[in-house]
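These notes are about the structure you will find just below.
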2 protein chains.
Amino acid sequence: LTRYAVVGVGGVGGLYAARLHAAGCEVHLVARADAAALAADGLHLTSPLGDVHARLPVHTDPAAVPPVDVVVLAAKTTSPSARTAAAAVARRGAAALVLQNGLGVEAALAAEAPGAIVLGGMAFVCSQRQGPGRVAHLDFGRVTVGEHRADGTAAGVTDAVAAVVADLDAAGVGGAPAPDLVQGRWEKLVWNIPFNGLSVVLRARTDELVADPAAVALVRTLMDEVAAGAATQGRTIPAAFLDRMVTTTAGMTPYAPSMRLDFDAGREMEVDAIYGAPLAAAHAAGLDLPATAVLAAQLRYLDSRRTVSVP
Amino acid sequence: LTRYAVVGVGGVGGLYAARLHAAGCEVHLVARADAAALAADGLHLTSPLGDVHARLPVHTDPAAVPPVDVVVLAAKTTSPSARTAAAAVARRGAAALVLQNGLGVEAALAAEAPGAIVLGGMAFVCSQRQGPGRVAHLDFGRVTVGEHRADGTAAGVTDAVAAVVADLDAAGVGGAPAPDLVQGRWEKLVWNIPFNGLSVVLRARTDELVADPAAVALVRTLMDEVAAGAATQGRTIPAAFLDRMVTTTAGMTPYAPSMRLDFDAGREMEVDAIYGAPLAAAHAAGLDLPATAVLAAQLRYLDSRRTVSVP
C-alpha cells in the first residue's frame, strides 16, 4: 500500500484522505486554515461508503511531511500556494496526483517539480466541505487517473497509474486508468464547459438546463466546440459521446456543479483552468471557440463582481 | 399638422402621444387594459420638457378610430395584437410609424397592411409607464425615422418621413430623418444586442459592463458581429462607430435597457425582434453570428423561466 500526503482537505481532499486511510494507507494532511481543527478533532467524513473519523498527522509546512509515495493536490486551481506546497513534496521524490479541474493543471505542477512523476486525476464525485475537518460525501467518487507527458503524448497505463488506481479501488471509491490523460481531460471538459458556466450565468440547475430546448441547443454548441478543441490536440471525441453526456445529465439527480457552489459561496471561480486553458490551447492551434469564449467572458465579469470572498 | 393615432400607451407611446398633443396635433389613443383609466382621467406625463395632462379620445376598437394621417405602433413587439390593431388603421389609409425595437418590425406590419406607407422609428429615450395613463419621461427623446421598402433598398427622405420628423421637432422631443432605414436599424442593434442581453444575463447595469475589461471585450465581439451582419445586407458600419458606442455608453447616466426592465418586471423579453430576426437575416445571407447566438439562447432560456407574467 502506498503512502500519501493530501494537500487541501476540502470536499475532495477530505474524502479521498479518509477513504485511503480507512483502506490502510498511511496518509498525511497538508492544511492551512483548517490545520488546527484537523489536529485537535481529526477528520470527520460522512459517506454512503461508511463514515470515517480519521486522526491523521497534520502539517502546515510541506517540508515537515515525511517521505511519501504520492502527494495528492486536491485544492482548487485558484490556490497557487497549494500547488507550490504539493510541488515541494514532489521535489523530494513523491509522485504527484493532480486532482483538479480543467486543463494544464499537471503541466503547472510539473513546472514546479521538474523530474517528478505527475499524474492527473479526474474525480466524478459529489462531496462537500461542511466545516473545518468535516466533509460530507453525497454520491459517486470514481477517479480516472492518467500520467502526464510533457510532450502531450499518451503515457499508457504506467506503474504509478496502476498503483494509485489499485489504492482507490481498495478505498471503495473506485479508480479507472486513463491511458491518454489529454483525451481524458478533454472528455471531462465536454461536461464541465457547458454545465459549470451555464449553471452560474443562468442561475440554473443541470436538470433545468437539460429540460429547456434553447439551453440544450446551447449546451450542444459548447460541447461541439470542446470536441473541436480536442481535435486540435489530435484527440477525437465522437458525437455519440456528446449525446450521451446530455442524456446522462438528464438522468442525474439535480446537481450543482462545483463552479456554481463556488459562485454561490462568493469564492473565486476556476475560470482559467476550465475555460482559459482550453481556449488558449485551441487558439494556439489556430482554432477559436466563440461560444466558449462568450461564456468565459461572462464568468470573468461575474467573478470580478464578487463581494463575498471566502478563502 | 398631422393627425395621429397611437397604439400602445406605455412609456414610449404615452410620451409621444402627449408631446404631439401639446404641439397641437390631433391625437387618438388605442388602448386595451388602460383604456378605462385613460378615458376617465386622461393621460398624465411628467417630463423635463414640461408636464402634460392630455384628455384624448380613447378607442379600444381600431375600427372606431376616425381618419388619421399616421398610426403609431408603440407597443412592444411581444404584442402581436397591437400590430394587428395598428394595421387595421393603416389599411384605412394612414401611414404607419413602427416605433419598436429590433429588425423586421416594419415588414411584419406591412404584411398586415399591404400598400400602406410604413415608416420605422428608432427612439432614443428613457421613459417609463408608472401606471394606467401615467408616464414618466426621464431623459432623451429623439426619434430617427426612415421609410420602409419591401426590397430593402434605401427610400431616402420621403414626404412622410419629413412630415413626421417636423412634428417630432415641433413636439420638442426631436426627430431625425434616416434616409436608409435598414442602415438605421442595424446601427441601433449595435447598441441593443450587447447591452440589452448582457444587462439581463449578467444582472448588470450599462456602467458596470463598460467598467469591466472582460465585459467590454465581449461587448465589442458582439458589436463586431452586428457590423458583420449589417455587411451581409450591404450596409457598412465602421469600427469607429462601434468604438463611439462604447465610449458614449461609458459617459451615460447608468441606464437599464428596456429588456432588463422587462425581465425584472417578469414581462416577456423582445428576443425575437432584437436577436432572432438579425440572426436569421445574417444566416440567410450565409453568415452565423456565434456570440450573438449564445446570448439569444441564454435569453430564451431565461424567458422560458419567467414565473411572473405582467401583460
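Please note that chains go A, B, ... in the order of the C-alpha cells, that every chain numbers its residues from 1, and that ligands are numbered from 1 in the order shown.
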Inset, instruction - Could you give me, as a PyMOL selection string, the residues within 9 Å of Pro177 of chain A, counting only C-alpha atoms and dropping anything in the same chain fewer than 6 positions from it? - result: chain A and resi 143-146+156-157+161-162+165
Inset, instruction - Write out as number ranges by chain each polymer residue whose atoms come within 10 Å of Pro194 of chain A, counting only C-alpha atoms; drop sequence neighbours fewer than 2 positions from it. - result: A: 189-192, 196-199, 206, 209, 215-216, 218-223, 226, 291-292, 295
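Minimum atom-to-atom distance to Val135 of chain A, evaluated using only C-alpha atoms, belongs to A:Thr46 out of A:Thr236, A:Thr46, A:Gln183, A:Ser304.
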Can I get the residues of chain B within 8 Å of chain A, each with the closest pair of atoms and their distance in Å to one decimal, using only C-alpha atoms, sorted chain first then ascending number, as a tab-separated table?
```
residue	atom	partner	partner_atom	distance
B:Val201	CA	A:Val201	CA	6.6
B:Leu202	CA	A:Val201	CA	6.8
B:Asp212	CA	A:Tyr301	CA	6.7
B:Ala214	CA	A:Ala297	CA	5.3
B:Ala215	CA	A:Tyr301	CA	5.9
B:Ala217	CA	A:Ala297	CA	7.8
B:Leu218	CA	A:Ala297	CA	6.4
B:Pro290	CA	A:Ala291	CA	6.2
B:Ala291	CA	A:Ala291	CA	5.7
B:Val294	CA	A:Ala291	CA	6.1
B:Ala297	CA	A:Ala214	CA	5.3
B:Gln298	CA	A:Ala215	CA	6.8
B:Arg300	CA	A:Ala214	CA	6.3
B:Tyr301	CA	A:Ala214	CA	5.8
B:Leu302	CA	A:Leu202	CA	7.1
```
Legend entry - Closest of B:Thr84, B:Thr249, B:Thr60, B:Thr232 to Ala31 of chain B - atom-to-atom distances counting only C-alpha atoms: B:Thr60
Inset, instruction - Do a neighbour search on Ser79 of chain A at 10 Å with only C-alpha atoms, toss out local chain neighbours closer than 5 positions, and write the hits as a PyMOL selection string. - result: chain A and resi 8+84+268+270+311
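DSSP, applied to the backbone of this structure, assigns strand (DSSP E) to the following residues of segment 49-107 of chain B: Val52, His53, Ala54, Val58, His59, Val70, Val71, Val72, Leu73, Ala95, Ala96, Leu97 and Val98 of chain B.
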Serialized selection, N, CA, C and O atoms, as a compact mmCIF listing (two decimals), in the first residue's frame:
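Produced file result.txt, reproduced below:
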```txt
# COMPACT_ATOMS: atom_id res chain seq x y z
N VAL B 52 -47.52 67.23 -18.95
CA VAL B 52 -48.70 67.34 -19.80
C VAL B 52 -49.83 66.52 -19.17
O VAL B 52 -49.59 65.39 -18.71
N HIS B 53 -51.02 67.11 -19.12
CA HIS B 53 -52.21 66.32 -18.80
C HIS B 53 -53.13 66.43 -19.99
O HIS B 53 -53.71 67.49 -20.24
N ALA B 54 -53.22 65.33 -20.76
CA ALA B 54 -53.94 65.37 -22.03
C ALA B 54 -55.21 64.53 -21.95
O ALA B 54 -55.15 63.35 -21.62
N VAL B 58 -60.14 58.03 -26.60
CA VAL B 58 -59.59 56.69 -26.36
C VAL B 58 -60.46 55.66 -27.05
O VAL B 58 -61.69 55.69 -26.92
N HIS B 59 -59.82 54.74 -27.78
CA HIS B 59 -60.54 53.71 -28.52
C HIS B 59 -60.00 52.34 -28.12
O HIS B 59 -58.79 52.16 -28.01
N VAL B 70 -51.37 59.35 -39.61
CA VAL B 70 -50.32 58.42 -39.18
C VAL B 70 -50.80 57.61 -38.00
O VAL B 70 -51.34 58.18 -37.03
N VAL B 71 -50.63 56.29 -38.05
CA VAL B 71 -50.87 55.45 -36.87
C VAL B 71 -49.50 55.02 -36.34
O VAL B 71 -48.65 54.52 -37.09
N VAL B 72 -49.29 55.26 -35.06
CA VAL B 72 -48.01 54.95 -34.43
C VAL B 72 -48.16 53.64 -33.66
O VAL B 72 -48.99 53.55 -32.76
N LEU B 73 -47.35 52.64 -34.01
CA LEU B 73 -47.34 51.38 -33.26
C LEU B 73 -46.25 51.48 -32.21
O LEU B 73 -45.05 51.37 -32.51
N ALA B 95 -50.61 56.31 -42.88
CA ALA B 95 -49.25 55.78 -42.86
C ALA B 95 -49.00 55.19 -41.49
O ALA B 95 -49.60 55.62 -40.50
N ALA B 96 -48.15 54.18 -41.41
CA ALA B 96 -47.83 53.55 -40.13
C ALA B 96 -46.41 53.92 -39.72
O ALA B 96 -45.50 53.88 -40.56
N LEU B 97 -46.23 54.30 -38.47
CA LEU B 97 -44.89 54.54 -37.91
C LEU B 97 -44.65 53.47 -36.85
O LEU B 97 -45.30 53.46 -35.80
N VAL B 98 -43.73 52.56 -37.15
CA VAL B 98 -43.46 51.44 -36.25
C VAL B 98 -42.35 51.86 -35.28
O VAL B 98 -41.17 51.90 -35.64
```
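Residue nearest Arg142 of chain B, chosen from B:Tyr275, B:Tyr16, B:Tyr255, B:Tyr4 and counting only C-alpha atoms: B:Tyr16.
Interatomic distance, atom CA of Ala90 of chain B to atom CA of Thr77 of chain B: 17.3 Å.
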Inset, instruction - Kindly give the distance, in Å, that separates atom CA of Arg129 of chain A and atom CA of Leu99 of chain A, rounded to a single decimal. - result: 15.8 Å
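Our summary of the geometry notes that atom CA of Thr247 of chain A is positioned 21.1 Å from atom CA of Met259 of chain A.
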Inset, instruction - List the neighbours of Pro254 of chain A out to 10 Å using only C-alpha atoms; skip same-chain residues closer than 2 positions along the sequence, and give me the result as a PyMOL selection string. - result: chain A and resi 205-208+249-252+256-257
Output the selection as an mmCIF file, in the first residue's frame - N, CA, C and O atoms for each residue.
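Once everything was written out, this is selection20.cif:
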```cif
data_model
loop_
_atom_site.group_PDB
_atom_site.id
_atom_site.type_symbol
_atom_site.label_atom_id
_atom_site.label_comp_id
_atom_site.auth_asym_id
_atom_site.auth_seq_id
_atom_site.Cartn_x
_atom_site.Cartn_y
_atom_site.Cartn_z
ATOM 1 N N ARG A 205 -29.998 24.907 -12.374
ATOM 2 C CA ARG A 205 -29.521 23.568 -12.060
ATOM 3 C C ARG A 205 -29.363 22.785 -13.365
ATOM 4 O O ARG A 205 -29.974 23.130 -14.385
ATOM 5 N N THR A 206 -28.595 21.707 -13.305
ATOM 6 C CA THR A 206 -28.381 20.923 -14.522
ATOM 7 C C THR A 206 -29.697 20.362 -15.053
ATOM 8 O O THR A 206 -29.899 20.300 -16.271
ATOM 9 N N ASP A 207 -30.616 19.984 -14.159
ATOM 10 C CA ASP A 207 -31.884 19.418 -14.644
ATOM 11 C C ASP A 207 -32.734 20.488 -15.330
ATOM 12 O O ASP A 207 -33.485 20.184 -16.251
ATOM 13 N N GLU A 208 -32.616 21.736 -14.891
ATOM 14 C CA GLU A 208 -33.353 22.815 -15.553
ATOM 15 C C GLU A 208 -32.792 23.079 -16.947
ATOM 16 O O GLU A 208 -33.537 23.342 -17.897
ATOM 17 N N THR A 249 -26.836 13.442 -18.126
ATOM 18 C CA THR A 249 -27.129 14.571 -17.246
ATOM 19 C C THR A 249 -28.626 14.665 -16.988
ATOM 20 O O THR A 249 -29.059 14.970 -15.876
ATOM 21 N N ALA A 250 -29.407 14.373 -18.028
ATOM 22 C CA ALA A 250 -30.867 14.396 -17.859
ATOM 23 C C ALA A 250 -31.319 13.352 -16.839
ATOM 24 O O ALA A 250 -32.311 13.551 -16.142
ATOM 25 N N GLY A 251 -30.562 12.262 -16.727
ATOM 26 C CA GLY A 251 -30.939 11.210 -15.795
ATOM 27 C C GLY A 251 -30.341 11.365 -14.411
ATOM 28 O O GLY A 251 -30.632 10.573 -13.508
ATOM 29 N N MET A 252 -29.491 12.385 -14.247
ATOM 30 C CA MET A 252 -28.812 12.570 -12.964
ATOM 31 C C MET A 252 -29.730 13.229 -11.940
ATOM 32 O O MET A 252 -30.620 14.005 -12.295
ATOM 33 N N ALA A 256 -25.539 20.554 -8.380
ATOM 34 C CA ALA A 256 -24.925 21.867 -8.600
ATOM 35 C C ALA A 256 -23.451 21.668 -8.926
ATOM 36 O O ALA A 256 -22.699 21.159 -8.097
ATOM 37 N N PRO A 257 -23.020 22.060 -10.119
ATOM 38 C CA PRO A 257 -21.596 21.912 -10.465
ATOM 39 C C PRO A 257 -20.720 22.725 -9.512
ATOM 40 O O PRO A 257 -21.171 23.682 -8.883
#
```
Legend entry - Within 12 Å of Pro80 of chain B using only C-alpha atoms, minus same-chain residues under 4 positions, as a PyMOL selection string: chain B and resi 7-8+73-76+84-87+100+105+108-109+112+270+273
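Across B:Thr153, B:Thr2, B:Thr158, B:Thr248, the tightest approach to His28 of chain B is made by B:Thr2 when counting only C-alpha atoms.
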Legend entry - helix (DSSP H, G or I) residues, from DSSP on the backbone, in segment 10-198 of chain A, as an NGL selection string: :A and (11-22 or 35-41 or 62-64 or 80-90 or 105-112 or 159-170 or 181-198)
